[in-house]
Every structure is written in C-alpha cells, then in structure tokens.
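Undergrad: So here's upload_0.cif, just mmCIF, C-alpha atoms:
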```cif
data_upload
#
loop_
_atom_site.label_atom_id
_atom_site.label_comp_id
_atom_site.auth_asym_id
_atom_site.auth_seq_id
_atom_site.Cartn_x
_atom_site.Cartn_y
_atom_site.Cartn_z
CA MET A 29 0.00 0.00 0.00
CA PHE A 30 2.98 2.30 0.57
CA LEU A 31 4.19 1.73 -2.98
CA GLU A 32 0.67 2.09 -4.36
CA THR A 33 0.18 5.41 -2.57
CA PHE A 34 3.62 6.59 -3.66
CA LEU A 35 2.88 5.75 -7.28
CA ASN A 36 -0.51 7.48 -7.14
CA ILE A 37 1.18 10.62 -5.83
CA LEU A 38 3.82 10.29 -8.52
CA VAL A 39 1.15 10.68 -11.22
CA HIS A 40 0.36 14.22 -10.01
CA ASN A 41 4.00 15.07 -9.35
CA VAL A 42 5.02 14.00 -12.84
CA ASP A 43 2.32 16.26 -14.28
CA THR A 44 3.65 19.16 -12.19
CA LEU A 45 7.29 18.46 -13.11
CA MET A 46 6.66 18.08 -16.83
CA LEU A 47 4.36 21.10 -16.97
CA SER A 48 6.84 23.25 -15.01
CA HIS A 49 9.26 23.00 -17.93
CA TYR A 50 6.44 23.75 -20.38
CA SER A 51 4.75 26.72 -18.65
CA GLU A 52 4.61 27.90 -15.03
CA ASN A 53 1.14 29.33 -15.63
CA ALA A 54 0.05 25.85 -16.72
CA VAL A 55 1.29 24.47 -13.38
CA GLY A 56 -0.85 26.92 -11.44
CA ALA A 57 -3.86 26.30 -13.69
CA VAL A 58 -3.74 22.53 -13.25
CA GLY A 59 -3.09 22.94 -9.53
CA ASN A 60 -6.24 25.03 -9.11
CA ALA A 61 -8.29 22.63 -11.24
CA ASN A 62 -7.04 19.65 -9.23
CA GLN A 63 -8.05 21.34 -5.97
CA LEU A 64 -11.64 21.45 -7.19
CA MET A 65 -11.56 17.88 -8.50
CA SER A 66 -10.03 16.65 -5.24
CA LEU A 67 -13.17 17.91 -3.52
CA ILE A 68 -15.38 16.00 -5.99
CA ILE A 69 -13.31 12.82 -5.62
CA LEU A 70 -13.71 13.05 -1.86
CA MET A 71 -17.49 13.14 -2.38
CA PHE A 72 -17.15 9.71 -3.99
CA GLY A 73 -15.76 8.66 -0.62
CA ILE A 74 -19.29 8.64 0.82
CA ILE A 75 -19.68 5.15 -0.64
CA SER A 76 -16.06 4.04 -1.02
CA THR A 77 -15.26 4.81 2.64
CA ALA A 78 -18.35 2.91 3.75
CA THR A 79 -17.27 0.06 1.46
CA SER A 80 -13.97 -0.34 3.30
CA VAL A 81 -15.73 -0.40 6.68
CA VAL A 82 -18.66 -2.68 5.75
CA VAL A 83 -16.71 -5.16 3.60
CA ALA A 84 -13.91 -5.48 6.18
CA GLN A 85 -16.36 -6.06 9.03
CA TYR A 86 -18.51 -8.56 7.12
CA LEU A 87 -15.43 -10.50 6.06
CA GLY A 88 -14.15 -10.42 9.64
CA ALA A 89 -17.51 -11.78 10.82
CA LYS A 90 -17.40 -14.44 8.03
CA GLN A 91 -20.78 -13.34 6.62
CA TYR A 92 -19.97 -14.09 2.97
CA ASP A 93 -23.53 -14.52 1.68
CA LYS A 94 -24.12 -10.77 1.26
CA MET A 95 -20.87 -9.87 -0.49
CA ASN A 96 -22.09 -9.96 -4.14
CA MET A 97 -25.00 -7.70 -3.26
CA ILE A 98 -22.66 -5.27 -1.47
CA TYR A 99 -20.18 -5.23 -4.36
CA THR A 100 -22.91 -4.54 -6.93
CA LEU A 101 -24.59 -1.90 -4.81
CA VAL A 102 -21.48 0.18 -4.18
CA LEU A 103 -20.28 0.04 -7.78
CA VAL A 104 -23.65 1.02 -9.29
CA VAL A 105 -24.29 3.81 -6.78
CA ASN A 106 -20.83 5.35 -7.23
CA PHE A 107 -21.12 5.14 -11.04
CA VAL A 108 -24.44 7.03 -11.07
CA PHE A 109 -23.27 9.53 -8.46
CA GLY A 110 -19.95 10.00 -10.25
CA LEU A 111 -21.61 10.61 -13.61
CA ALA A 112 -23.87 13.29 -12.12
CA LEU A 113 -20.95 15.08 -10.47
CA SER A 114 -18.87 14.90 -13.66
CA VAL A 115 -21.60 16.76 -15.53
CA LEU A 116 -21.80 19.38 -12.77
CA VAL A 117 -18.04 20.00 -12.87
CA VAL A 118 -18.17 20.75 -16.60
CA LEU A 119 -21.23 23.00 -16.28
CA LEU A 120 -20.02 24.97 -13.25
CA LYS A 121 -16.28 25.16 -13.97
CA VAL A 122 -16.20 28.90 -14.69
CA PRO A 123 -17.86 30.14 -11.47
CA CYS A 124 -15.82 27.63 -9.45
CA MET A 125 -12.53 28.94 -10.82
CA GLN A 126 -13.69 32.53 -10.33
CA LEU A 127 -14.53 31.71 -6.72
CA LEU A 128 -10.94 30.52 -6.24
CA GLN A 129 -9.71 33.86 -7.65
CA VAL A 130 -7.74 32.11 -10.40
CA SER A 131 -5.74 34.70 -12.36
CA LYS A 132 -6.62 35.56 -15.94
CA GLU A 133 -3.29 34.07 -17.11
CA MET A 134 -4.16 30.67 -15.61
CA MET A 135 -7.91 30.62 -16.30
CA PRO A 136 -7.96 29.22 -19.91
CA ASP A 137 -5.75 26.22 -19.07
CA ALA A 138 -7.69 25.54 -15.86
CA LEU A 139 -10.99 25.40 -17.78
CA THR A 140 -9.50 23.16 -20.47
CA TYR A 141 -8.23 20.68 -17.87
CA LEU A 142 -11.62 20.62 -16.12
CA ASN A 143 -13.42 19.91 -19.41
CA PHE A 144 -11.39 16.75 -20.03
CA VAL A 145 -10.51 15.34 -16.60
CA GLY A 146 -13.57 16.69 -14.81
CA GLY A 147 -15.92 15.25 -17.41
CA PHE A 148 -14.59 11.74 -16.79
CA LEU A 149 -14.39 11.82 -12.99
CA PHE A 150 -16.96 8.99 -12.81
CA LEU A 151 -14.11 6.66 -13.81
CA GLN A 152 -12.31 7.56 -10.58
CA ALA A 153 -15.54 7.02 -8.62
CA CYS A 154 -15.80 3.42 -9.86
CA TYR A 155 -12.08 2.72 -9.45
CA ASN A 156 -12.09 3.95 -5.84
CA VAL A 157 -14.79 1.41 -4.96
CA MET A 158 -13.07 -1.47 -6.76
CA LEU A 159 -9.79 -0.64 -5.05
CA GLN A 160 -11.41 -0.77 -1.61
CA ILE A 161 -12.96 -4.16 -2.44
CA LEU A 162 -9.60 -5.56 -3.54
CA ARG A 163 -7.82 -4.17 -0.47
CA CYS A 164 -10.36 -5.58 1.99
CA ASN A 165 -10.00 -9.00 0.37
CA GLY A 166 -6.25 -8.89 1.01
CA HIS A 167 -5.12 -8.00 -2.54
CA THR A 168 -3.22 -4.84 -1.58
CA LYS A 169 -0.46 -5.46 -4.13
CA VAL A 170 -2.88 -5.11 -7.03
CA GLY A 171 -3.29 -1.38 -6.46
CA MET A 172 0.49 -1.01 -6.52
CA TYR A 173 0.80 -2.78 -9.89
CA ILE A 174 -2.06 -0.76 -11.36
CA SER A 175 -0.50 2.48 -10.12
CA LEU A 176 2.81 1.53 -11.72
CA ILE A 177 1.16 0.89 -15.08
CA ILE A 178 -0.87 4.10 -15.08
CA ASN A 179 2.28 6.06 -14.21
CA VAL A 180 3.93 4.70 -17.33
CA ILE A 181 0.84 5.56 -19.40
CA ASN A 182 0.74 9.06 -17.91
CA ILE A 183 4.45 9.79 -18.44
CA VAL A 184 4.44 8.52 -22.01
CA GLY A 185 1.27 10.46 -22.81
CA ASN A 186 2.60 13.69 -21.30
CA TYR A 187 5.85 13.32 -23.23
CA LEU A 188 4.08 12.69 -26.52
CA PHE A 189 1.88 15.78 -26.20
CA LEU A 190 4.35 18.21 -24.57
CA TYR A 191 7.74 17.31 -26.08
CA GLY A 192 7.37 14.32 -28.42
CA PRO A 193 5.90 13.50 -31.83
CA LEU A 194 2.49 15.01 -30.97
CA LYS A 195 3.95 18.34 -29.87
CA PHE A 196 2.94 19.85 -33.23
CA LEU A 197 -0.72 19.61 -32.14
CA ASN A 198 0.07 22.29 -29.54
CA LEU A 199 -2.41 20.78 -27.06
CA GLY A 200 -0.37 21.57 -23.94
CA VAL A 201 -2.59 21.18 -20.88
CA ALA A 202 -5.25 19.44 -22.98
CA GLY A 203 -2.71 16.76 -23.88
CA VAL A 204 -1.84 16.22 -20.21
CA ALA A 205 -5.56 15.94 -19.46
CA ILE A 206 -6.04 13.34 -22.20
CA SER A 207 -3.18 11.27 -20.75
CA THR A 208 -4.83 11.40 -17.32
CA VAL A 209 -8.19 10.21 -18.67
CA ILE A 210 -6.61 7.32 -20.61
CA ALA A 211 -4.71 6.26 -17.47
CA ARG A 212 -7.93 6.23 -15.42
CA VAL A 213 -9.74 4.12 -18.01
CA ALA A 214 -6.89 1.62 -17.88
CA ALA A 215 -6.93 1.57 -14.06
CA LEU A 216 -10.64 0.74 -13.86
CA VAL A 217 -10.43 -1.98 -16.50
CA MET A 218 -7.48 -3.63 -14.73
CA ALA A 219 -9.25 -3.54 -11.34
CA LEU A 220 -12.34 -5.24 -12.80
CA VAL A 221 -10.20 -7.89 -14.51
CA VAL A 222 -8.44 -8.74 -11.23
CA PHE A 223 -11.77 -8.83 -9.36
CA TYR A 224 -13.11 -11.52 -11.69
CA ARG A 225 -9.83 -13.36 -12.16
CA TYR A 226 -9.52 -14.01 -8.41
CA ARG A 227 -13.24 -14.82 -8.22
CA LEU A 228 -13.82 -12.46 -5.35
CA GLY A 229 -17.46 -12.18 -6.29
CA LYS A 230 -19.84 -11.07 -9.01
CA VAL A 231 -21.39 -7.79 -10.04
CA SER A 232 -24.90 -8.04 -11.49
CA LEU A 233 -28.07 -5.97 -11.25
CA ARG A 234 -29.99 -9.12 -10.26
CA PHE A 235 -28.31 -8.93 -6.85
CA LEU A 236 -30.18 -5.66 -6.31
CA ASN A 237 -33.61 -7.31 -6.59
CA PRO A 238 -35.11 -6.57 -4.15
CA PHE A 239 -33.18 -3.33 -3.79
CA PRO A 240 -31.21 -3.27 -0.52
CA GLY A 241 -32.39 0.17 0.51
CA LYS A 242 -31.75 -0.47 4.19
CA LEU A 243 -28.12 -1.42 3.56
CA LEU A 244 -27.61 1.59 1.28
CA ALA A 245 -29.06 3.89 3.95
CA GLN A 246 -26.72 2.33 6.51
CA MET A 247 -23.71 2.80 4.22
CA ILE A 248 -24.62 6.43 3.57
CA LYS A 249 -24.96 6.88 7.33
CA ILE A 250 -21.42 5.52 7.68
CA GLY A 251 -19.91 7.21 4.65
CA LEU A 252 -21.50 10.65 4.83
CA PRO A 253 -19.86 11.73 8.10
CA SER A 254 -16.54 10.12 7.08
CA ALA A 255 -16.57 11.69 3.63
CA GLY A 256 -18.02 14.87 5.10
CA GLU A 257 -14.91 15.35 7.17
CA SER A 258 -12.71 14.92 4.10
CA MET A 259 -14.93 17.19 1.99
CA SER A 260 -14.87 19.86 4.68
CA TYR A 261 -11.07 19.60 4.76
CA ASN A 262 -10.84 20.05 1.00
CA MET A 263 -13.29 22.96 1.00
CA TYR A 264 -11.25 24.68 3.63
CA GLN A 265 -8.11 24.01 1.58
CA MET A 266 -9.90 25.73 -1.32
CA VAL A 267 -10.52 28.74 0.92
CA LEU A 268 -6.82 28.76 1.83
CA LEU A 269 -5.97 28.48 -1.87
CA SER A 270 -8.09 31.55 -2.56
CA PHE A 271 -5.95 33.39 0.04
CA VAL A 272 -2.80 32.23 -1.76
CA ASN A 273 -4.19 33.14 -5.20
CA SER A 274 -4.64 36.70 -3.93
CA MET A 275 -0.87 36.80 -3.16
CA GLY A 276 0.15 36.34 -6.80
CA ASN A 277 1.18 33.59 -9.24
CA GLU A 278 4.55 33.01 -7.56
CA ALA A 279 2.86 32.21 -4.25
CA VAL A 280 0.48 29.82 -6.05
CA ASN A 281 3.33 27.95 -7.72
CA ALA A 282 5.37 27.83 -4.48
CA ARG A 283 2.41 26.13 -2.80
CA ILE A 284 2.00 23.62 -5.64
CA TYR A 285 5.70 22.72 -5.81
CA CYS A 286 5.81 22.30 -2.01
CA ASN A 287 2.72 20.08 -2.04
CA SER A 288 4.49 17.84 -4.54
CA LEU A 289 7.45 17.41 -2.17
CA ILE A 290 5.23 17.16 0.93
CA SER A 291 3.11 14.40 -0.59
CA LEU A 292 6.23 12.25 -1.01
CA ALA A 293 7.23 12.78 2.63
CA ASN A 294 3.88 11.81 4.19
CA VAL A 295 3.21 8.79 1.98
CA PHE A 296 4.47 6.39 4.66
CA SER A 297 2.14 7.58 7.43
CA ASN A 298 -0.82 7.67 5.01
CA SER A 299 -0.30 4.13 3.74
CA VAL A 300 0.28 2.70 7.23
CA ALA A 301 -2.89 4.40 8.46
CA MET A 302 -4.93 2.93 5.58
CA ALA A 303 -3.54 -0.53 6.23
CA THR A 304 -4.34 -0.18 9.93
CA GLN A 305 -7.90 0.83 9.04
CA ILE A 306 -8.45 -2.47 7.23
CA ILE A 307 -6.89 -4.50 10.06
CA THR A 308 -8.93 -2.59 12.66
CA GLY A 309 -12.12 -3.25 10.71
CA HIS A 310 -11.42 -6.98 10.60
CA LEU A 311 -10.59 -7.10 14.32
CA VAL A 312 -13.65 -5.09 15.36
CA GLY A 313 -15.88 -7.24 13.12
CA ALA A 314 -14.43 -10.32 14.84
CA GLU A 315 -15.10 -8.69 18.25
CA LYS A 316 -11.38 -8.39 19.10
CA GLU A 317 -11.48 -4.79 20.28
CA ASP A 318 -8.58 -5.08 22.74
CA GLU A 319 -6.33 -6.33 19.97
CA ALA A 320 -7.49 -3.49 17.71
CA TYR A 321 -6.71 -0.95 20.46
CA LYS A 322 -3.12 -2.17 20.82
CA ARG A 323 -2.58 -2.40 17.06
CA VAL A 324 -3.32 1.30 16.54
CA TRP A 325 -0.85 2.43 19.20
CA LYS A 326 1.77 0.17 17.64
CA THR A 327 1.13 1.86 14.30
CA LEU A 328 1.71 5.30 15.81
CA ARG A 329 5.00 4.25 17.43
CA ILE A 330 6.24 3.24 13.99
CA SER A 331 4.84 6.01 11.78
CA LEU A 332 5.39 9.15 13.90
CA PRO A 333 9.22 8.99 14.22
CA ILE A 334 9.56 8.12 10.53
CA THR A 335 7.25 11.01 9.58
CA ILE A 336 9.29 13.49 11.63
CA GLY A 337 12.53 12.25 10.09
CA LEU A 338 11.25 12.40 6.50
CA THR A 339 9.75 15.89 6.81
CA THR A 340 12.92 17.25 8.44
CA ILE A 341 15.06 15.86 5.61
CA ASN A 342 12.54 17.20 3.12
CA CYS A 343 12.94 20.70 4.56
CA ILE A 344 16.75 20.57 4.62
CA ILE A 345 17.11 19.50 0.99
CA SER A 346 14.20 21.61 -0.35
CA PRO A 347 16.41 24.48 -1.64
CA TYR A 348 17.94 21.89 -3.99
CA SER A 349 14.94 19.64 -4.72
CA LEU A 350 12.76 22.64 -5.61
CA ARG A 351 15.14 23.41 -8.49
CA LEU A 352 13.74 20.34 -10.24
CA PHE A 353 10.62 22.45 -10.79
CA THR A 354 11.84 26.03 -11.07
CA SER A 355 14.85 28.35 -11.09
CA ASN A 356 12.81 31.31 -9.82
CA GLU A 357 14.63 32.37 -6.64
CA LYS A 358 11.59 34.12 -5.14
CA ILE A 359 9.51 30.96 -5.46
CA ILE A 360 12.30 28.87 -3.90
CA GLN A 361 12.60 31.29 -0.96
CA LEU A 362 8.84 31.25 -0.34
CA ALA A 363 8.78 27.48 -0.62
CA PHE A 364 11.57 26.92 1.93
CA TRP A 365 9.56 28.55 4.73
CA ILE A 366 6.54 26.46 3.74
CA MET A 367 8.66 23.32 4.08
CA PHE A 368 9.85 24.44 7.53
CA VAL A 369 6.28 24.93 8.78
CA ASP A 370 5.36 21.57 7.27
CA ILE A 371 7.52 19.71 9.83
CA PHE A 372 5.01 20.66 12.52
CA LEU A 373 2.04 20.21 10.19
CA GLU A 374 2.98 16.59 9.41
CA ILE A 375 3.25 15.65 13.10
CA GLY A 376 -0.40 16.59 13.52
CA ARG A 377 -1.39 14.99 10.22
CA CYS A 378 0.22 11.69 11.26
CA LEU A 379 -1.85 11.65 14.45
CA ASN A 380 -5.00 12.44 12.46
CA MET A 381 -4.45 9.81 9.81
CA THR A 382 -3.74 7.09 12.37
CA PHE A 383 -6.60 7.71 14.79
CA VAL A 384 -9.29 9.02 12.42
CA CYS A 385 -8.94 6.00 10.11
CA SER A 386 -9.11 3.66 13.09
CA LEU A 387 -12.15 5.38 14.61
CA LYS A 388 -13.97 5.11 11.29
CA ALA A 389 -13.06 1.43 10.97
CA ALA A 390 -14.49 0.81 14.44
CA GLY A 391 -17.78 2.50 13.50
CA ASP A 392 -17.15 5.75 15.42
CA TYR A 393 -17.57 8.01 12.40
CA MET A 394 -19.43 11.03 13.83
CA PHE A 395 -16.78 12.18 16.31
CA PRO A 396 -14.00 12.79 13.72
CA LEU A 397 -16.46 14.76 11.59
CA LEU A 398 -17.55 17.09 14.40
CA VAL A 399 -14.01 17.67 15.63
CA GLY A 400 -12.78 18.22 12.09
CA LEU A 401 -15.46 20.78 11.29
CA PHE A 402 -14.57 22.78 14.38
CA THR A 403 -10.77 22.77 14.08
CA MET A 404 -10.59 23.20 10.30
CA TRP A 405 -12.68 26.34 10.19
CA CYS A 406 -12.09 27.85 13.63
CA LEU A 407 -8.34 27.15 13.72
CA GLY A 408 -7.15 26.27 10.20
CA ALA A 409 -9.03 28.76 8.02
CA THR A 410 -9.09 31.54 10.63
CA GLY A 411 -5.43 30.98 11.51
CA GLY A 412 -4.43 30.90 7.84
CA TYR A 413 -6.11 34.27 7.28
CA LEU A 414 -4.64 35.85 10.40
CA PHE A 415 -1.10 34.53 9.91
CA GLY A 416 -1.00 34.74 6.11
CA ILE A 417 -2.85 37.94 5.29
CA VAL A 418 -3.33 40.03 8.47
CA ALA A 419 0.15 39.33 9.89
CA GLY A 420 1.66 39.48 6.38
CA LEU A 421 3.52 36.15 6.62
CA GLY A 422 2.30 35.14 3.16
CA VAL A 423 1.86 31.58 2.01
CA ALA A 424 3.94 30.21 4.92
CA GLY A 425 1.47 31.89 7.28
CA VAL A 426 -1.40 30.09 5.56
CA PHE A 427 0.40 26.80 6.23
CA MET A 428 0.82 27.83 9.88
CA GLY A 429 -2.96 27.92 10.19
CA THR A 430 -3.19 24.40 8.78
CA ALA A 431 -0.48 23.18 11.16
CA THR A 432 -2.41 24.57 14.14
CA ASP A 433 -5.53 22.71 12.99
CA GLU A 434 -3.76 19.40 12.38
CA CYS A 435 -1.86 19.33 15.70
CA ILE A 436 -4.80 20.21 17.95
CA ARG A 437 -7.22 17.91 16.08
CA GLY A 438 -4.65 15.11 16.24
CA LEU A 439 -4.41 15.36 20.02
CA ILE A 440 -8.21 15.34 20.34
CA VAL A 441 -8.77 12.18 18.24
CA MET A 442 -5.87 10.47 20.02
CA GLY A 443 -7.66 11.14 23.28
CA ARG A 444 -10.86 9.68 21.82
CA TRP A 445 -9.11 6.42 20.92
CA LYS A 446 -7.48 6.21 24.34
CA SER A 447 -10.83 6.76 26.09
CA GLY A 448 -12.33 3.65 24.44
CA LYS A 449 -15.62 5.39 23.61
CA TRP A 450 -15.46 3.84 20.14
CA ARG A 451 -16.00 0.37 21.58
CA GLY A 452 -19.34 -1.32 20.86
CA LYS A 453 -20.00 0.64 17.65
CA SER A 454 -19.39 -2.26 15.24
CA ILE A 455 -21.66 -2.12 12.20
CA VAL A 456 -21.96 -5.90 11.92
CA LYS A 457 -22.93 -6.32 15.58
CA LYS A 458 -25.73 -3.80 15.17
CA GLU A 459 -27.17 -5.66 12.20
CA ILE A 460 -26.99 -9.04 13.92
CA ASN A 461 -28.93 -7.64 16.85
#
```
Any chance you could put this one into structure tokens?
TA:
Amino acid sequence: MFLETFLNILVHNVDTLMLSHYSENAVGAVGNANQLMSLIILMFGIISTATSVVVAQYLGAKQYDKMNMIYTLVLVVNFVFGLALSVLVVLLKVPCMQLLQVSKEMMPDALTYLNFVGGFLFLQACYNVMLQILRCNGHTKVGMYISLIINVINIVGNYLFLYGPLKFLNLGVAGVAISTVIARVAALVMALVVFYRYRLGKVSLRFLNPFPGKLLAQMIKIGLPSAGESMSYNMYQMVLLSFVNSMGNEAVNARIYCNSLISLANVFSNSVAMATQIITGHLVGAEKEDEAYKRVWKTLRISLPITIGLTTINCIISPYSLRLFTSNEKIIQLAFWIMFVDIFLEIGRCLNMTFVCSLKAAGDYMFPLLVGLFTMWCLGATGGYLFGIVAGLGVAGVFMGTATDECIRGLIVMGRWKSGKWRGKSIVKKEIN
C-alpha cells in the first residue's frame, strides 16, 4: 500500500514536473483545477469509505452470503453519483474557478483541464470502490501494480503531447488531461479484470432485486460523516488556496511545488494508516477490540518517528529539490519557509491519519467529523487568514494555520481512541442484533 500510494502521488507530481518545464502558468492552472476535483473525488468517498468499513467487518464476521449484493450496490451507486458530479463539474467550472480567484493568465488552461478530466471523474468514482474491495479481500499489491502501469501511461502520454511526436498539435494542458483520462480508463479496467480473475465475487443488477435500501441507507450513514470530514477539509483548503491566489502567481506555484514534495514525505504515514484501518475493521468485526486498540498504538509508534525524520530531511534539501521544478529564486525562498512549517504540520497529520482511520473502521464516524469541522474552520481557516494575510507572513502563514488545525485535532482524536468510547459501535454487531 505504501508503494501504491507513492505511485498514485507520482502521477500528479510528474504532471507538475513536466508542466513546469512547459509553462509555469500551466502548473498553477492545473493545480487550481485539481483542488476542485479533489473535492469532488472526496465526495465519492461517501460510498467508497463505507465500502472499506462494511466489507472489512462482514469479512471479519465471516458473513460471505451478502458480499455480491454489497459489491454490486457500491459500484452502481458510485457510477451514477460520479456521472452526475462529472456533468456538474463541466457545467459549473467557470464560477468555481472565479470563486478561487484564479488569475486571468491561468484561467484558460484551468478550464481546459476541467473539461477533459472533470468530465470523466466517474471513472475515478468506480475505481475507488473497486480498489477498496480488492484491499479488503487482502489483494493490496494489485493497487500497486495498477498504479505503476498508469504512471507509465501518464508519463508517455505527457511526453508525446508536450515534447514528443504530438507536440505539433500544440495541445499543452489538454494533452496532459487526455493522458490522465486514458490512465484512469486503464486503471478501472485492470481492477475489474483482477476482481473476476480471483473470483472475489460477481457484479450483477440481479443482486439488487429486491433493492437493498436499508443497507444503502446504513452505508450512507457511515460514509456521509466520514466523507463529510474529508470534503470539509478540502473545502477549507480551497478557501486557503483563494488566500494564496490573492498573493500572486509566484505564491500559487510555491504552494504547488511544495505540495508535490510534501506528498512524497507523508506517503508512509498515510499508507500505514490505511492498512491499519483495514486490520482494525477486521478485528472489530471479529469482536477483538482489545487487539485493535493495541494495534493502533503500535502503528503510531512506527509512523510518527519516521514522519518526523522524513519531513525534516525534506525541509533541509528543499532548496535543492525545488530546483527540479523552477529556477525562480523568489519561489524557492517562499517554498523553503513552507517546508519548515510543514515539519510541525505533518506531526499533527500523522496523528490524524492514524486515529481518524481507526475510529472510522471501528464504526465511530461522527466524532471525527464534528471535531474536524470545528478545528478546520475555527483554527485552520481563521489561523491561515490571520497569519498569512493580516500578519503578512504570506503563504507560509497560511500553512501555519493548517499546522495549528492538524496538531490540535490530532491530540483530540488520540484522546478519543485512548478513552475507548469507540467500543461497541461495530456495524456488523448492530445488524446481527
């Protein structure tokens, strides 16, 4: 799962790196477009998050008779939901980019990217569900192999359109978008092939007759708070991005380049937290809550020191690694201070990833949502505005607001796990009763 997550991140970083040598305005345009699409993709998490919880717990409880119905339900619902949201992205792209205060230099490329990639977001909706199904059935390596293949497709496609034989078409950002869509088609097809090859189950509309409305309502009840927390986080990141956009194109690009480096540094804690979520779900479904409790603390003892080490190294070498993207000294100077603040930000994020994923897996999905809503907006957004704009600390000040949010929220959810108030919230147990 570490390698899979790393390779998924690499797709976006390759786009940023290859575009940075094509046009810095294109980098900012795609970065703004991706911020909007990240919000939409998180909305798909309403079902895909619930899939990871429900499938893991049912498998842990050895209730295999309902699996085909669950697989069909989540895939069909996410396809329909994804298609509707894809249409909305294309129709509302202009006001969304205006809301983010995207500059006039970046606006045309941002709209082009949204037309292509945004219009096919339903592919990502279906893939997210299939990936959760494969993970919960123990096939975590499959996602890694798929990510490796789509990276190759993406790199080759970007090269062909930006620098290679298809350069004469002058598609630029549109070519990068086409590569992304082709890679996502390939990812979904490969996930479906693996699902059937390993005979994990079947997907057919006949499994939805009669329609399992009660199960769907239960999954939405699980997924909506979990995805709501993530959606709230992304919306507040969009607000922070609007602050950064008001600081100029150099600040925007400094943020995007730093996010590329930051994503590589926190990949370990993210992947370990996701793996722990699956294990916790299995243990809770099997009514082994004490074992689940100890497992999560063991995860933290491994991931936190490694996270601190990686982010510190990332900060130290950033004046050199940033030159892979740009030679603009002002951007590099802005970015260094972002990387310094990120050391503290990642400590809090590691706590959040570990304990929030585990609380969700145990069925305690409302608490992380409520805490997240409070700290994101009252500490993160407010702090970002005060530090970044009022105090004049710029883009690094915006990151200081996020660091405040992550650290305080991390301590709160850690206390929740330690208190044991998540015990007895197993989804499977409720249904059996």
Undergrad: Find the residue from A:Ser297, A:Ser260, A:Ser48, A:Thr79 that sits nearest to Leu338 of chain A; use all atoms listed in the file when measuring.
TA: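 Smallest separation from Leu338 of chain A among the options: A:Ser297.
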Undergrad: Written as an MDAnalysis selection string, what is the full residue list that the PyMOL selection byres ((chain A and resi 109) around 12) yields on the file shown?
TA: chainID A and resid 68:69 71:76 102:108 110:116 149:154
Undergrad: Please compute the atom CA of Ala54 of chain A-atom CA of Ala293 of chain A distance, one decimal, in Å.
TA: 24.4 Å
Undergrad: If I take atom CA of Phe368 of chain A and atom CA of Leu332 of chain A, how far is one from the other in Å, to one decimal?
TA: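 Taking atom CA of Phe368 of chain A as the start and atom CA of Leu332 of chain A as the end point, the length is 17.2 Å.
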Undergrad: Find the residue from A:Gly146, A:Gly443, A:Gly56, A:Pro396 that sits nearest to Trp325 of chain A; use all atoms listed in the file when measuring.
TA: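 Smallest separation from Trp325 of chain A among the options: A:Gly443.
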Undergrad: Given the file shown, determine the residues that the PyMOL selection byres ((chain A and resi 67) around 9) selects; report them as a PyMOL selection string.
TA: chain A and resi 62-66+68-71+258-263+266
Undergrad: Grab segment 387-406 of chain A from that structure and dump N, CA and C atoms to a file, as a CSV table (one decimal), in the first residue's frame.
TA:
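Saved the output as out37.csv:
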```csv
chain,number,residue,atom,x,y,z
A,387,LEU,N,-10.8,5.1,14.1
A,387,LEU,CA,-12.1,5.4,14.6
A,387,LEU,C,-13.2,5.1,13.6
A,388,LYS,N,-13.0,5.4,12.3
A,388,LYS,CA,-14.0,5.1,11.3
A,388,LYS,C,-14.1,3.6,11.1
A,389,ALA,N,-13.0,2.9,11.1
A,389,ALA,CA,-13.1,1.4,11.0
A,389,ALA,C,-13.8,0.8,12.1
A,390,ALA,N,-13.8,1.4,13.3
A,390,ALA,CA,-14.5,0.8,14.4
A,390,ALA,C,-16.0,1.2,14.5
A,391,GLY,N,-16.4,2.1,13.5
A,391,GLY,CA,-17.8,2.5,13.5
A,391,GLY,C,-18.0,3.8,14.2
A,392,ASP,N,-17.0,4.5,14.7
A,392,ASP,CA,-17.1,5.7,15.4
A,392,ASP,C,-16.9,6.9,14.4
A,393,TYR,N,-17.8,7.1,13.5
A,393,TYR,CA,-17.6,8.0,12.4
A,393,TYR,C,-18.1,9.4,12.6
A,394,MET,N,-18.9,9.7,13.6
A,394,MET,CA,-19.4,11.0,13.8
A,394,MET,C,-18.4,11.9,14.6
A,395,PHE,N,-17.7,11.4,15.5
A,395,PHE,CA,-16.8,12.2,16.3
A,395,PHE,C,-15.7,12.9,15.5
A,396,PRO,N,-15.0,12.1,14.5
A,396,PRO,CA,-14.0,12.8,13.7
A,396,PRO,C,-14.6,13.9,12.9
A,397,LEU,N,-15.8,13.7,12.4
A,397,LEU,CA,-16.5,14.8,11.6
A,397,LEU,C,-16.7,16.0,12.4
A,398,LEU,N,-17.3,15.9,13.6
A,398,LEU,CA,-17.6,17.1,14.4
A,398,LEU,C,-16.3,17.8,14.8
A,399,VAL,N,-15.3,17.1,15.2
A,399,VAL,CA,-14.0,17.7,15.6
A,399,VAL,C,-13.4,18.4,14.4
A,400,GLY,N,-13.4,17.7,13.3
A,400,GLY,CA,-12.8,18.2,12.1
A,400,GLY,C,-13.4,19.5,11.6
A,401,LEU,N,-14.8,19.6,11.7
A,401,LEU,CA,-15.5,20.8,11.3
A,401,LEU,C,-15.0,22.0,12.2
A,402,PHE,N,-14.9,21.7,13.5
A,402,PHE,CA,-14.6,22.8,14.4
A,402,PHE,C,-13.1,23.3,14.2
A,403,THR,N,-12.2,22.3,14.1
A,403,THR,CA,-10.8,22.8,14.1
A,403,THR,C,-10.4,23.3,12.7
A,404,MET,N,-10.9,22.7,11.6
A,404,MET,CA,-10.6,23.2,10.3
A,404,MET,C,-11.0,24.7,10.1
A,405,TRP,N,-12.2,25.0,10.5
A,405,TRP,CA,-12.7,26.3,10.2
A,405,TRP,C,-12.3,27.3,11.3
A,406,CYS,N,-12.4,26.9,12.5
A,406,CYS,CA,-12.1,27.8,13.6
A,406,CYS,C,-10.6,28.1,13.8
```
